[in-house]
file model11.cif (mmCIF, C-alpha atoms)
data_model
#
loop_
_atom_site.label_atom_id
_atom_site.label_comp_id
_atom_site.auth_asym_id
_atom_site.auth_seq_id
_atom_site.Cartn_x
_atom_site.Cartn_y
_atom_site.Cartn_z
CA MET X 1 0.00 0.00 0.00
CA LYS X 2 1.30 3.39 -0.96
CA LYS X 3 2.06 5.84 1.74
CA ASN X 4 -0.41 8.60 2.12
CA ARG X 5 1.16 11.65 0.56
CA ILE X 6 -1.26 14.23 1.88
CA LYS X 7 0.61 16.36 4.37
CA VAL X 8 -1.66 17.48 7.13
CA ILE X 9 -0.53 20.54 8.98
CA PRO X 10 -1.97 20.65 12.49
CA ALA X 11 -3.90 23.81 13.05
CA LYS X 12 -2.47 25.65 16.01
CA LYS X 13 -4.80 27.54 18.19
CA GLY X 14 -5.12 31.11 17.08
CA GLU X 15 -2.86 30.61 14.07
CA THR X 16 -4.17 32.47 11.09
CA ASN X 17 -2.49 33.45 7.88
CA ARG X 18 -3.73 36.34 5.86
CA VAL X 19 -4.42 35.16 2.32
CA PHE X 20 -6.17 38.17 0.87
CA ALA X 21 -5.70 41.85 1.56
CA ARG X 22 -5.81 45.16 -0.24
CA PRO X 23 -3.05 45.50 -2.87
CA ALA X 24 -0.30 47.99 -2.05
CA THR X 25 -1.00 50.19 -5.07
CA LEU X 26 -4.69 50.64 -4.22
CA ARG X 27 -5.00 53.56 -1.81
CA ASP X 28 -6.81 52.82 1.42
CA ILE X 29 -9.66 55.27 0.92
CA ASP X 30 -13.33 55.06 0.07
CA ASN X 31 -14.19 55.19 -3.62
CA HIS X 32 -17.03 57.28 -5.00
CA TYR X 33 -18.67 54.49 -7.00
CA CYS X 34 -22.20 53.30 -6.33
CA ALA X 35 -22.83 50.10 -4.39
CA GLY X 36 -22.20 47.11 -6.60
CA CYS X 37 -20.38 49.02 -9.35
CA GLY X 38 -17.82 46.96 -11.22
CA HIS X 39 -15.25 49.77 -11.36
CA GLY X 40 -14.04 49.03 -7.83
CA ILE X 41 -13.36 45.40 -8.72
CA ILE X 42 -11.53 46.29 -11.93
CA HIS X 43 -9.43 48.94 -10.16
CA ARG X 44 -8.34 46.31 -7.67
CA LEU X 45 -7.57 43.71 -10.38
CA ILE X 46 -5.28 46.18 -12.16
CA CYS X 47 -3.51 46.99 -8.90
CA GLU X 48 -3.02 43.30 -8.12
CA VAL X 49 -1.56 42.67 -11.58
CA ILE X 50 0.81 45.64 -11.29
CA ASP X 51 1.95 44.48 -7.86
CA GLU X 52 2.51 40.93 -9.06
CA LEU X 53 4.45 42.01 -12.14
CA GLY X 54 6.49 44.46 -10.04
CA ILE X 55 6.06 47.32 -12.52
CA ARG X 56 4.68 49.92 -10.13
CA GLU X 57 7.54 52.39 -10.73
CA LYS X 58 7.25 52.05 -14.51
CA VAL X 59 3.50 52.29 -14.97
CA ILE X 60 1.81 55.37 -16.40
CA ALA X 61 -1.97 55.13 -16.51
CA ILE X 62 -4.30 57.41 -18.42
CA ALA X 63 -7.67 58.00 -16.81
CA PRO X 64 -10.71 58.60 -19.02
CA VAL X 65 -13.66 60.94 -18.86
CA GLY X 66 -16.52 59.04 -17.32
CA CYS X 67 -17.26 57.48 -13.97
CA ALA X 68 -13.58 56.58 -13.55
CA VAL X 69 -12.43 60.16 -14.14
CA ILE X 70 -10.85 60.43 -10.70
CA ALA X 71 -9.18 57.03 -10.81
CA TYR X 72 -5.91 58.81 -9.96
CA ASP X 73 -7.26 59.29 -6.44
CA TYR X 74 -7.37 55.55 -5.93
CA TRP X 75 -4.25 54.32 -7.71
CA ASP X 76 -0.88 54.87 -6.09
CA PHE X 77 1.14 55.10 -9.28
CA ASP X 78 1.53 57.69 -12.02
CA VAL X 79 -1.75 58.62 -13.67
CA THR X 80 -2.59 61.37 -16.11
CA GLU X 81 -5.86 62.56 -17.56
CA ALA X 82 -6.96 62.86 -21.19
CA PRO X 83 -9.79 64.68 -22.98
CA HIS X 84 -12.89 62.63 -23.64
CA GLY X 85 -12.06 59.71 -25.94
CA ARG X 86 -8.51 60.87 -26.70
CA THR X 87 -6.98 58.49 -24.19
CA PRO X 88 -5.28 56.17 -26.76
CA ALA X 89 -3.81 59.23 -28.50
CA VAL X 90 -2.32 60.48 -25.23
CA ALA X 91 -1.08 56.95 -24.49
CA THR X 92 0.57 56.82 -27.92
CA GLY X 93 2.45 60.03 -27.21
CA ILE X 94 3.60 58.90 -23.79
CA LYS X 95 4.66 55.45 -25.00
CA ARG X 96 6.61 56.82 -27.95
CA THR X 97 8.49 59.36 -25.87
CA ARG X 98 9.04 57.01 -22.92
CA PRO X 99 9.23 53.52 -24.46
CA ASN X 100 10.54 51.94 -21.26
CA ASN X 101 7.41 52.82 -19.31
CA ILE X 102 4.33 50.62 -19.19
CA VAL X 103 1.41 52.70 -20.48
CA PHE X 104 -2.18 51.62 -20.10
CA THR X 105 -5.49 53.38 -20.51
CA TYR X 106 -8.66 52.77 -18.56
CA GLN X 107 -11.77 53.66 -20.53
CA GLY X 108 -15.50 53.30 -20.35
CA ASP X 109 -17.83 52.53 -23.21
CA GLY X 110 -18.89 56.11 -23.80
CA ASP X 111 -15.25 57.12 -23.90
CA LEU X 112 -13.90 54.32 -26.06
CA ALA X 113 -16.82 53.20 -28.22
CA ALA X 114 -18.56 56.54 -28.87
CA ILE X 115 -16.36 59.62 -28.96
CA GLY X 116 -13.02 57.81 -29.04
CA THR X 117 -13.73 55.20 -31.73
CA ALA X 118 -11.32 56.76 -34.21
CA GLU X 119 -8.48 57.02 -31.69
CA THR X 120 -8.99 53.43 -30.58
CA ILE X 121 -9.12 51.97 -34.07
CA HIS X 122 -6.08 53.89 -35.30
CA ALA X 123 -4.05 53.12 -32.17
CA ALA X 124 -4.80 49.43 -32.75
CA ASN X 125 -4.08 49.71 -36.47
CA ARG X 126 -0.70 51.32 -35.84
CA GLY X 127 0.07 48.51 -33.43
CA GLU X 128 0.99 50.84 -30.60
CA ASN X 129 2.54 48.92 -27.73
CA ILE X 130 -0.10 49.99 -25.20
CA THR X 131 -2.76 48.25 -23.15
CA ILE X 132 -6.40 49.30 -23.03
CA ILE X 133 -8.75 48.25 -20.24
CA PHE X 134 -12.23 48.80 -21.66
CA VAL X 135 -15.01 48.82 -19.07
CA ASN X 136 -18.32 48.11 -20.78
CA ASN X 137 -21.41 48.76 -18.69
CA GLY X 138 -23.76 49.84 -21.46
CA VAL X 139 -24.67 53.33 -20.22
CA TYR X 140 -23.12 56.74 -19.68
CA GLY X 141 -22.94 56.48 -15.91
CA MET X 142 -21.32 59.82 -15.08
CA THR X 143 -23.82 62.03 -16.88
CA GLY X 144 -27.00 60.32 -15.77
CA GLY X 145 -27.44 57.01 -17.52
CA GLN X 146 -27.94 58.00 -21.15
CA MET X 147 -27.74 55.51 -24.02
CA ALA X 148 -24.25 54.45 -25.08
CA PRO X 149 -23.35 52.69 -28.35
CA THR X 150 -23.01 49.48 -26.35
CA THR X 151 -26.51 49.67 -24.82
CA LEU X 152 -28.40 46.46 -25.57
CA ALA X 153 -31.51 46.45 -27.76
CA GLY X 154 -34.60 47.13 -25.68
CA GLN X 155 -32.68 48.50 -22.71
CA LYS X 156 -34.31 51.49 -21.05
CA THR X 157 -32.01 54.44 -20.41
CA ALA X 158 -32.48 58.16 -19.79
CA THR X 159 -32.52 58.89 -23.53
CA THR X 160 -34.33 55.73 -24.67
CA ILE X 161 -37.21 55.70 -22.24
CA TYR X 162 -39.16 53.07 -24.19
CA GLY X 163 -36.09 50.91 -24.70
CA ARG X 164 -33.42 51.08 -27.39
CA SER X 165 -35.03 50.53 -30.76
CA LEU X 166 -32.88 49.00 -33.47
CA ARG X 167 -34.63 51.02 -36.19
CA ARG X 168 -33.95 54.37 -34.58
CA GLU X 169 -30.71 53.93 -32.63
CA GLY X 170 -29.11 51.05 -34.49
CA TYR X 171 -27.37 47.98 -33.22
CA PRO X 172 -25.03 47.76 -30.22
CA ILE X 173 -21.37 47.85 -31.17
CA ARG X 174 -18.88 45.07 -30.47
CA MET X 175 -15.52 46.82 -30.32
CA LEU X 176 -13.29 43.76 -30.03
CA GLU X 177 -14.75 42.18 -33.14
CA ILE X 178 -14.16 45.45 -35.01
CA LEU X 179 -10.51 45.52 -33.95
CA ALA X 180 -9.83 41.81 -34.49
CA PRO X 181 -9.12 41.96 -38.27
CA LEU X 182 -6.52 44.71 -37.81
CA PRO X 183 -3.02 43.22 -37.95
CA GLY X 184 -1.74 45.67 -35.33
CA ALA X 185 -4.02 44.31 -32.60
CA ARG X 186 -2.29 41.38 -30.92
CA TYR X 187 -4.30 40.38 -27.88
CA LEU X 188 -8.05 40.96 -27.45
CA GLU X 189 -10.16 39.30 -24.79
CA ARG X 190 -13.59 39.88 -23.28
CA VAL X 191 -14.16 39.06 -19.63
CA SER X 192 -16.70 39.94 -16.96
CA VAL X 193 -16.79 40.72 -13.24
CA HIS X 194 -20.29 39.51 -12.43
CA SER X 195 -19.12 36.62 -10.25
CA ALA X 196 -16.03 35.71 -8.27
CA HIS X 197 -15.18 32.97 -10.75
CA GLU X 198 -15.32 35.32 -13.73
CA THR X 199 -13.39 37.95 -11.77
CA LEU X 200 -10.48 35.56 -11.35
CA ARG X 201 -10.60 34.93 -15.10
CA ALA X 202 -10.64 38.68 -15.70
CA LYS X 203 -7.48 39.03 -13.64
CA ARG X 204 -5.70 36.46 -15.79
CA ALA X 205 -6.75 38.34 -18.93
CA ILE X 206 -5.49 41.67 -17.56
CA MET X 207 -2.27 39.96 -16.54
CA LYS X 208 -1.77 38.64 -20.07
CA ALA X 209 -2.56 42.04 -21.59
CA PHE X 210 0.11 43.69 -19.44
CA LYS X 211 2.58 40.91 -20.26
CA THR X 212 1.90 41.51 -23.95
CA GLN X 213 3.11 45.06 -23.49
CA VAL X 214 6.03 44.16 -21.22
CA ASP X 215 7.26 41.69 -23.85
CA GLY X 216 6.86 44.31 -26.58
CA LYS X 217 4.34 42.30 -28.58
CA GLY X 218 2.03 45.21 -29.39
CA PHE X 219 -1.50 46.42 -28.88
CA SER X 220 -3.59 44.61 -26.28
CA MET X 221 -7.10 45.29 -25.09
CA VAL X 222 -9.32 43.67 -22.50
CA GLU X 223 -13.04 44.40 -22.50
CA VAL X 224 -14.57 43.95 -19.05
CA LEU X 225 -18.34 43.64 -18.82
CA SER X 226 -19.27 45.59 -15.72
CA MET X 227 -22.52 46.24 -13.90
CA CYS X 228 -24.16 49.61 -13.37
CA PRO X 229 -26.94 48.89 -10.84
CA THR X 230 -27.94 52.53 -10.52
CA TYR X 231 -28.75 53.21 -14.18
CA TRP X 232 -29.91 49.71 -14.98
CA GLY X 233 -32.47 50.33 -12.23
CA MET X 234 -31.91 47.15 -10.26
CA SER X 235 -30.08 45.81 -7.24
CA ALA X 236 -26.42 44.85 -7.50
CA ILE X 237 -27.21 41.16 -7.31
CA LYS X 238 -29.80 41.41 -10.10
CA ALA X 239 -27.39 43.50 -12.18
CA ALA X 240 -24.75 40.78 -11.88
CA GLU X 241 -27.38 38.25 -12.89
CA ARG X 242 -28.33 40.41 -15.88
CA ILE X 243 -24.74 40.30 -17.16
CA ARG X 244 -24.82 36.52 -17.05
CA SER X 245 -28.23 36.18 -18.68
CA ASP X 246 -28.43 39.10 -21.16
CA VAL X 247 -25.21 41.03 -21.64
CA ALA X 248 -22.85 38.07 -21.93
CA THR X 249 -25.05 36.51 -24.58
CA PHE X 250 -24.69 39.52 -26.84
CA TYR X 251 -21.04 40.10 -25.91
CA PRO X 252 -19.67 36.55 -25.72
CA LEU X 253 -16.92 36.09 -23.15
CA GLY X 254 -13.58 34.68 -24.17
CA VAL X 255 -10.48 35.34 -26.23
CA VAL X 256 -11.23 37.15 -29.50
CA LYS X 257 -7.66 37.30 -30.76
CA THR X 258 -4.36 36.12 -29.35
CA TYR X 259 -0.82 35.55 -30.52
CA MET F 1 -4.69 1.83 7.66
CA LYS F 2 -4.66 5.14 9.36
CA ALA F 3 -7.55 7.44 8.79
CA ILE F 4 -6.58 10.64 7.02
CA LYS F 5 -6.84 13.54 9.36
CA VAL F 6 -8.58 16.37 7.62
CA LYS F 7 -7.97 19.83 8.88
CA LYS F 8 -11.09 21.51 10.10
CA PRO F 9 -12.19 24.47 8.04
CA SER F 10 -10.56 27.34 9.83
CA GLY F 11 -11.12 30.34 7.62
CA LYS F 12 -11.95 33.75 8.89
CA ILE F 13 -12.76 37.04 7.23
CA LYS F 14 -12.78 40.59 8.52
CA ILE F 15 -15.18 43.07 6.96
CA ASN F 16 -14.64 46.77 7.53
CA LYS F 17 -18.33 47.32 8.11
CA ASP F 18 -18.31 51.11 8.15
CA ARG F 19 -17.08 51.17 4.56
CA CYS F 20 -19.59 48.61 3.28
CA LYS F 21 -22.05 50.11 0.80
CA GLY F 22 -24.44 47.19 0.96
CA CYS F 23 -24.28 45.64 -2.51
CA TYR F 24 -24.27 42.13 -0.94
CA LEU F 25 -22.36 40.60 -3.85
CA CYS F 26 -20.25 38.81 -1.21
CA ILE F 27 -23.34 37.09 0.14
CA VAL F 28 -24.34 35.51 -3.17
CA ASN F 29 -20.74 34.54 -3.95
CA CYS F 30 -20.01 32.78 -0.64
CA PRO F 31 -20.24 29.02 -1.29
CA ASN F 32 -20.99 28.28 2.37
CA GLY F 33 -23.34 31.14 3.14
CA ARG F 34 -21.20 32.54 5.94
CA ILE F 35 -22.01 36.20 5.32
CA LYS F 36 -25.22 37.82 6.50
CA ILE F 37 -26.86 41.21 6.50
CA ALA F 38 -26.47 43.08 9.78
CA GLU F 39 -29.48 44.18 11.78
CA ASP F 40 -28.29 47.72 12.41
CA LEU F 41 -26.97 50.43 10.13
CA ASN F 42 -23.40 51.61 9.65
CA VAL F 43 -22.17 55.19 9.25
CA LYS F 44 -23.18 55.23 5.58
CA GLY F 45 -26.76 54.41 6.52
CA VAL F 46 -26.89 50.95 4.98
CA LYS F 47 -27.07 47.55 6.58
CA PRO F 48 -23.56 46.16 6.13
CA ALA F 49 -22.60 42.58 5.38
CA ILE F 50 -21.23 40.82 8.45
CA PHE F 51 -19.35 37.57 8.92
CA SER F 52 -21.03 34.79 10.82
CA PRO F 53 -18.42 32.24 11.97
CA GLY F 54 -18.93 28.64 10.99
CA ASN F 55 -17.62 26.48 8.21
CA CYS F 56 -15.67 29.24 6.45
CA THR F 57 -12.79 27.75 4.48
CA GLY F 58 -11.07 31.01 3.60
CA CYS F 59 -11.63 30.58 -0.13
CA ALA F 60 -11.60 34.38 -0.54
CA MET F 61 -14.46 34.45 -3.06
CA CYS F 62 -16.13 37.24 -1.07
CA ALA F 63 -12.95 39.31 -1.12
CA VAL F 64 -12.46 38.73 -4.83
CA ILE F 65 -15.90 40.13 -5.70
CA CYS F 66 -16.00 42.97 -3.13
CA PRO F 67 -15.98 46.26 -5.10
CA GLU F 68 -14.79 48.22 -2.07
CA CYS F 69 -11.91 45.83 -1.26
CA ILE F 70 -12.69 45.93 2.45
CA ILE F 71 -12.61 42.18 3.15
CA GLU F 72 -9.47 40.56 4.56
CA VAL F 73 -9.26 36.78 4.52
CA TYR F 74 -7.33 34.65 7.01
CA ARG F 75 -6.80 30.95 6.73
#
call {"tool": "encode", "arguments": {"input": "model11.cif", "output": "structure tokens"}}
result
Amino acid sequence: MKKNRIKVIPAKKGETNRVFARPATLRDIDNHYCAGCGHGIIHRLICEVIDELGIREKVIAIAPVGCAVIAYDYWDFDVTEAPHGRTPAVATGIKRTRPNNIVFTYQGDGDLAAIGTAETIHAANRGENITIIFVNNGVYGMTGGQMAPTTLAGQKTATTIYGRSLRREGYPIRMLEILAPLPGARYLERVSVHSAHETLRAKRAIMKAFKTQVDGKGFSMVEVLSMCPTYWGMSAIKAAERIRSDVATFYPLGVVKTY
Amino acid sequence: MKAIKVKKPSGKIKINKDRCKGCYLCIVNCPNGRIKIAEDLNVKGVKPAIFSPGNCTGCAMCAVICPECIIEVYR
């Protein structure tokens, strides 16, 4: 009979080991996001990845215009601000003048998919060695929950009070599938933060996107489906459920393009 | 044959209850149902999530989903 290989460590009384705590680069202050907003989770995932890669002194982040406009209050590394939608253009300038720094942008769907579509597509087409974290919650959260290009068909927002109609407002836009045929885009993945399991997967995707840039492979972008309980008009738990049932069916999770 | 001694689940979490905004995502993500809603309000005026000791294994699923990052997990 084989010897039992399971090593059992006797639990001493009062012995506890901390296995999860706030990452060092995430400042220990309250954030201004609503209860159940996905931004807080994604902020923390980025901080964990930066801590694990040990690139805190090299990172330059570019905050968007949107709900995450004061992300520099929460991150304890270098952050700058860009005009609405021009975040990839600012990132291009910073990366070209300081190629040894790790440059990433953090953008919402109004910022990236509406006003900044041109900047995003051309940054990807040029193959800029930057990383984009694209937070897709389907509404303009900062200005009061108006319709965004990524709003699902039939979704009620402040500007589509009877639900988004495909005849009048058109179809929702899938940014990753638009960027996928461009040869400059190297790594594109869509993840979600609606459950703990998916959040761990999202962290792996963000980690790979940053590694793509560290290794000099080129443009990488991670789309994170996030919940906006306030402007979806539901509780945080129901909003997370809505991502699983509705949003993730229109925006399928998974790798869109990899190297 | 010796019986395998299995370590008792000895996880523990600490929730900073005054910074909880009451989204309760931790409650639905806990596989053992060890987190409950408090009876009284915190300084923000919401009923915070509180830890109820029991068969917590310290899997950290609550801390992974917490948008405020106010949960510390001990194992």
call {"tool": "interface_residues", "arguments": {"input": "model11.cif", "of": "chain F", "to": "chain X", "cutoff": "7 Å", "atoms": "all atoms listed in the file", "output": "list in words"}}
result
Lys5, Lys7, Lys21, Gly22, Cys23, Leu25, Asn29, Ala60, Met61, Val64, Ile65, Cys66, Pro67, Glu68, Cys69, Glu72, Val73, Tyr74 and Arg75 of chain F
call {"tool": "write_last_selection", "arguments": {"input": "model11.cif", "atoms": "C-alpha atoms", "output": "compact mmCIF listing (two decimals), in the frame of the given file"}}
result
# COMPACT_ATOMS: atom_id res chain seq x y z
CA LYS F 5 -6.84 13.54 9.36
CA LYS F 7 -7.97 19.83 8.88
CA LYS F 21 -22.05 50.11 0.80
CA GLY F 22 -24.44 47.19 0.96
CA CYS F 23 -24.28 45.64 -2.51
CA LEU F 25 -22.36 40.60 -3.85
CA ASN F 29 -20.74 34.54 -3.95
CA ALA F 60 -11.60 34.38 -0.54
CA MET F 61 -14.46 34.45 -3.06
CA VAL F 64 -12.46 38.73 -4.83
CA ILE F 65 -15.90 40.13 -5.70
CA CYS F 66 -16.00 42.97 -3.13
CA PRO F 67 -15.98 46.26 -5.10
CA GLU F 68 -14.79 48.22 -2.07
CA CYS F 69 -11.91 45.83 -1.26
CA GLU F 72 -9.47 40.56 4.56
CA VAL F 73 -9.26 36.78 4.52
CA TYR F 74 -7.33 34.65 7.01
CA ARG F 75 -6.80 30.95 6.73
call {"tool": "closest_residue", "arguments": {"input": "model11.cif", "among": "F:Thr57, F:Cys62, F:Val43, F:Ser52", "to": "Asp18 of chain F", "atoms": "all atoms listed in the file"}}
result
F:Val43
call {"tool": "closest_residue", "arguments": {"input": "model11.cif", "among": "F:Cys30, F:Ile15, F:Ala38, F:Ala3", "to": "Gly58 of chain F", "atoms": "only C-alpha atoms"}}
result
F:Cys30
call {"tool": "atom_distance", "arguments": {"input": "model11.cif", "atom1": "atom CA of Ile62 of chain X", "atom2": "atom CA of Thr120 of chain X"}}
result
13.6 Å
call {"tool": "closest_residue", "arguments": {"input": "model11.cif", "among": "X:Ile94, X:Met227, X:Ile161, X:Cys47", "to": "Trp75 of chain X", "atoms": "all atoms listed in the file"}}
result
X:Cys47
call {"tool": "resolve_selection", "arguments": {"input": "model11.cif", "expression": "the PyMOL selection byres ((chain F and resi 17) around 8)", "output": "number ranges by chain"}}
result
F: 15-16, 18-20, 42, 48-50
call {"tool": "atom_distance", "arguments": {"input": "model11.cif", "atom1": "atom CA of Val79 of chain X", "atom2": "atom CA of Ala202 of chain X"}}
result
21.9 Å
call {"tool": "residues_near_point", "arguments": {"input": "model11.cif", "point": "(-15.0, 60.0, -9.6)", "cutoff": "9 Å", "atoms": "all atoms listed in the file", "output": "MDAnalysis selection string"}}
result
chainID X and resid 31:33 66:71 73 142
call {"tool": "write_last_selection", "arguments": {"input": "model11.cif", "atoms": "C-alpha atoms", "output": "PDB file, keeping the file's coordinate frame"}}
result
ATOM      1  CA  ASN X  31     -14.190  55.190  -3.620  1.00  0.00           C
ATOM      2  CA  HIS X  32     -17.030  57.280  -5.000  1.00  0.00           C
ATOM      3  CA  TYR X  33     -18.670  54.490  -7.000  1.00  0.00           C
ATOM      4  CA  GLY X  66     -16.520  59.040 -17.320  1.00  0.00           C
ATOM      5  CA  CYS X  67     -17.260  57.480 -13.970  1.00  0.00           C
ATOM      6  CA  ALA X  68     -13.580  56.580 -13.550  1.00  0.00           C
ATOM      7  CA  VAL X  69     -12.430  60.160 -14.140  1.00  0.00           C
ATOM      8  CA  ILE X  70     -10.850  60.430 -10.700  1.00  0.00           C
ATOM      9  CA  ALA X  71      -9.180  57.030 -10.810  1.00  0.00           C
ATOM     10  CA  ASP X  73      -7.260  59.290  -6.440  1.00  0.00           C
ATOM     11  CA  MET X 142     -21.320  59.820 -15.080  1.00  0.00           C
TER      12      MET X 142
END
call {"tool": "decode", "arguments": {"input": "model11.cif", "residues": "segment 13-33 of chain X", "atoms": "N, CA and C atoms", "output": "compact mmCIF listing (two decimals), in the first residue's frame"}}
result
# COMPACT_ATOMS: atom_id res chain seq x y z
N LYS X 13 -3.74 26.68 17.71
CA LYS X 13 -4.80 27.54 18.19
C LYS X 13 -4.44 29.01 17.94
N GLY X 14 -5.36 29.69 17.31
CA GLY X 14 -5.12 31.11 17.08
C GLY X 14 -4.21 31.41 15.91
N GLU X 15 -3.75 30.36 15.20
CA GLU X 15 -2.86 30.61 14.07
C GLU X 15 -3.66 30.94 12.82
N THR X 16 -3.46 32.10 12.31
CA THR X 16 -4.17 32.47 11.09
C THR X 16 -3.20 33.14 10.15
N ASN X 17 -3.34 32.83 8.89
CA ASN X 17 -2.49 33.45 7.88
C ASN X 17 -3.36 34.27 6.95
N ARG X 18 -2.95 35.48 6.75
CA ARG X 18 -3.73 36.34 5.86
C ARG X 18 -3.49 35.91 4.43
N VAL X 19 -4.57 35.61 3.69
CA VAL X 19 -4.42 35.16 2.32
C VAL X 19 -4.94 36.19 1.32
N PHE X 20 -5.67 37.15 1.80
CA PHE X 20 -6.17 38.17 0.87
C PHE X 20 -6.23 39.51 1.59
N ALA X 21 -5.63 40.50 1.00
CA ALA X 21 -5.70 41.85 1.56
C ALA X 21 -5.63 42.85 0.42
N ARG X 22 -5.83 44.09 0.75
CA ARG X 22 -5.81 45.16 -0.24
C ARG X 22 -4.43 45.26 -0.89
N PRO X 23 -4.37 45.36 -2.25
CA PRO X 23 -3.05 45.50 -2.87
C PRO X 23 -2.39 46.82 -2.49
N ALA X 24 -1.05 46.82 -2.54
CA ALA X 24 -0.30 47.99 -2.05
C ALA X 24 -0.55 49.23 -2.90
N THR X 25 -0.85 49.03 -4.19
CA THR X 25 -1.00 50.19 -5.07
C THR X 25 -2.41 50.75 -5.06
N LEU X 26 -3.33 50.13 -4.34
CA LEU X 26 -4.69 50.64 -4.22
C LEU X 26 -4.79 51.41 -2.92
N ARG X 27 -5.02 52.72 -3.01
CA ARG X 27 -5.00 53.56 -1.81
C ARG X 27 -6.14 53.16 -0.86
N ASP X 28 -5.86 53.28 0.40
CA ASP X 28 -6.81 52.82 1.42
C ASP X 28 -7.84 53.91 1.73
N ILE X 29 -8.61 54.26 0.73
CA ILE X 29 -9.66 55.27 0.92
C ILE X 29 -10.95 54.76 0.29
N ASP X 30 -12.05 55.39 0.67
CA ASP X 30 -13.33 55.06 0.07
C ASP X 30 -13.35 55.49 -1.39
N ASN X 31 -14.01 54.70 -2.26
CA ASN X 31 -14.19 55.19 -3.62
C ASN X 31 -15.59 55.78 -3.76
N HIS X 32 -15.78 56.55 -4.85
CA HIS X 32 -17.03 57.28 -5.00
C HIS X 32 -18.06 56.49 -5.79
N TYR X 33 -17.75 55.25 -6.15
CA TYR X 33 -18.67 54.49 -7.00
C TYR X 33 -19.89 54.03 -6.21
